[in-house]
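Undergrad: Sharing a structure with you now.
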Amino acid sequence: MTTPARAFLPGLELSRILYEEAVRPVLDAELPGLRYAAARVGPGSEVLGFDTARSADHEWGPRLDLFLEPADANAHGERIHRLLAERLPKQVRGWPTHFRHADPADPVGHMELTDGPVDHRVGVRVAGGWLHGQLGLRGTAPGGGLPELTVRDWLAVPQQKLAEVTGGAVFHDGVGTLTRAREALAWYPDQVWRYLLACQWQRIAQEEAFVGRCAEVGDDLGSAVVAGRSVRDLMRLCLLLEREYAPYSKWLGSAFARLPRAGELLLSLRGAVTAGDYATRERHLCDAYERVAAAQNRTGLTEVVDPARRPYHNRPFQVLHAERFAHALARTVTDPELRDLPLTGAVDQWADSTDFLGRPGAVRAAVEALG
């Protein structure tokens with residue numbers, strides 16, 4: 001059976017309805033007293049609030065996860081899966097609860113109506129195990145929950161993963177492990193935050209003069225590419241300043257656009273990436289540098305640093321000399337583990353390979369090597 005056309009409903013709302021109208025009644029009837037959390041967290045555009053009708057073409061729909069205590073997951077996990085396969089409605093607000101696989105070897109599911117048991121997307125998990133897998137952590141806490149993260153843990157977790165754990169929605173939590181973990185991961189510890197801000201300013205400092213140098217030798221394309229990189233770094237810096245985890249590239253612009261200061265920067269950032277000549281490109285970039293530098297000063301994290309543009313040494317390029325902000329922030333980092341690290345930052349400040357960032361063991365080894 002094929003999927004009927006339906007008006008779009010945000011995925012988190014669809015998941016809430018699935019839980020309240022379909023999953024909870026089955027659990028209450030068959031396993032009264034079972035302690036669990038029900039949530040829509042983890043991968044998925046709806047978790048970050050960016051899903052649209054386009055998202056419905058794969059791995060989107062009425063879905064959620066149930067987080068049980070380890071003993072309960074072992075005792076009841078398979079039964080819960082079978083019960084829901086037999087008793088879930090075939091549709092929720094017109095959206096099928098059954099997911100087909102075009103290729104048995106392909107884990108990606110597509111919604112489709114069925115006359116038989118529902119191949120649903122209600123996972124049964126143990127919160128501690130899920131959190132460890134999601135974040136690539138080592139060690140366990142009492143009760144299998146989230147251990148206190150070390151400095152190296154924070155540096156080895158991409159912001160996208162942190163956004164997936166702290167985003168989405170928890171519809172019920174009778175266990176507490178998931179809610180406590182989300183609270184603990186809501187934002188970086190102060191010293192880690194200061195260090196990451198310093199590293200982000202350092203990234204900008206490393207290339208801000210290249211926009212002019214490329215143009216000077218006739219490489220306007222190279223100048224534009226460097227400008228685009230600088231704009232991306234500024235967007236990620238703004239998210240850091242606003243204490244918002246940066247998602248991966250597909251949703252970076254959408255996340256940035258939600259920030260309170262996005263409006264005052266959009267004209268400059270767009271101008272920098274669309275400019276047809278170096279002079280315009282430089283002017284827009286410097287406008288953006290100054291505004292973000294002023295925002296950095298307003299945080300009160302460091303002494304005030306002059307946010308005005310200036311020449312790049314004796315060359316005819318206008319820059320911010322962003323290293324001034326990096327160094328000012330670095331001077332406020334007193335944690336001994338962070339203080340002696342190079343200004344490279346967390347893993348997704350220096351690496352953006354999806355395949356690499358998806359391998360926690362390799363990420364951890366690389367972070368350890370940098371330290």
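FYI, nothing fancy with the structure tokens labels: chains A, B, ... in order, residues from 1 per chain, ligands from 1 as they appear.
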Using DSSP on the backbone coordinates, identify all residues within segment 83-204 of chain A classified as strand (DSSP E or B); present the result as a list in words.
TA: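 Going through segment 83-204 of chain A, the strand (DSSP E or B) residues come out as Gln91, Val92, Trp95, Pro96, Phe99, Arg100, His110, Met111, Arg121, Val122, Gly123, Val124, Arg125, Val126, Ala169, Val170, Phe171, His172 and Asp173 of chain A.
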Undergrad: Store the residues picked out above, limited to C-alpha atoms, as an mmCIF file, in the first residue's frame.
TA:
```
data_model
loop_
_atom_site.group_PDB
_atom_site.id
_atom_site.type_symbol
_atom_site.label_atom_id
_atom_site.label_comp_id
_atom_site.auth_asym_id
_atom_site.auth_seq_id
_atom_site.Cartn_x
_atom_site.Cartn_y
_atom_site.Cartn_z
ATOM 1 C CA GLN A 91 -1.836 5.702 10.905
ATOM 2 C CA VAL A 92 -1.427 8.710 13.160
ATOM 3 C CA TRP A 95 0.787 9.344 8.589
ATOM 4 C CA PRO A 96 1.597 5.604 8.500
ATOM 5 C CA PHE A 99 8.158 1.715 7.790
ATOM 6 C CA ARG A 100 9.224 -0.383 4.807
ATOM 7 C CA HIS A 110 10.010 4.857 4.339
ATOM 8 C CA MET A 111 6.463 5.249 5.644
ATOM 9 C CA ARG A 121 9.872 3.129 14.834
ATOM 10 C CA VAL A 122 9.432 2.871 18.585
ATOM 11 C CA GLY A 123 12.805 1.827 19.916
ATOM 12 C CA VAL A 124 13.365 0.256 23.322
ATOM 13 C CA ARG A 125 16.677 1.354 24.800
ATOM 14 C CA VAL A 126 18.681 1.730 27.983
ATOM 15 C CA ALA A 169 11.306 16.507 23.361
ATOM 16 C CA VAL A 170 10.772 14.263 26.361
ATOM 17 C CA PHE A 171 7.097 13.342 26.689
ATOM 18 C CA HIS A 172 7.402 11.358 29.899
ATOM 19 C CA ASP A 173 10.271 10.447 32.213
#
```
Undergrad: Wanna dump the segment 307-335 of chain A-segment 199-214 of chain A contacts at 7 Å for me, each residue with its shortest atom pair and the distance in Å to one decimal, counting only C-alpha atoms, ordered by chain and number, as CSV?
TA:
```
residue,atom,partner,partner_atom,distance
A:Tyr312,CA,A:Ala209,CA,6.9
A:Phe317,CA,A:Gly212,CA,5.7
A:Val319,CA,A:Glu208,CA,6.3
A:His321,CA,A:Ala205,CA,6.0
A:Ala322,CA,A:Ala205,CA,4.6
A:Glu323,CA,A:Ala205,CA,5.3
A:Phe325,CA,A:Trp201,CA,6.4
A:Ala326,CA,A:Trp201,CA,5.1
```
Undergrad: Using only C-alpha atoms, which of the listed residues (A:Pro43, A:Pro260, A:Gly129, A:Gly33) sits closest to Glu59 of chain A?
TA: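 Smallest separation from Glu59 of chain A among the options: A:Pro43.
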Undergrad: Among segment 86-280 of chain A, which residues does DSSP mark as helix (DSSP H, G or I) when it is run on the backbone? Keep the chain and numbering as in the structure and answer as a ChimeraX atom specification.
TA: /A:86-87,127-135,142-144,151-156,159-166,177-184,190-207,210-216,220-241,249-257,262-274,278-280
Undergrad: Show me, as a PyMOL selection string, the residues that have an atom within 10 Å of Gly44 of chain A when counting only C-alpha atoms, minus same-chain residues fewer than 6 positions from it.
TA: chain A and resi 11+50-51+55+59-60+164+168
Undergrad: Segment 242-250 of chain A: which residues within 10 Å, counting only C-alpha atoms, same-chain residues fewer than 2 positions away excluded, as a count of residues only?
TA: 36
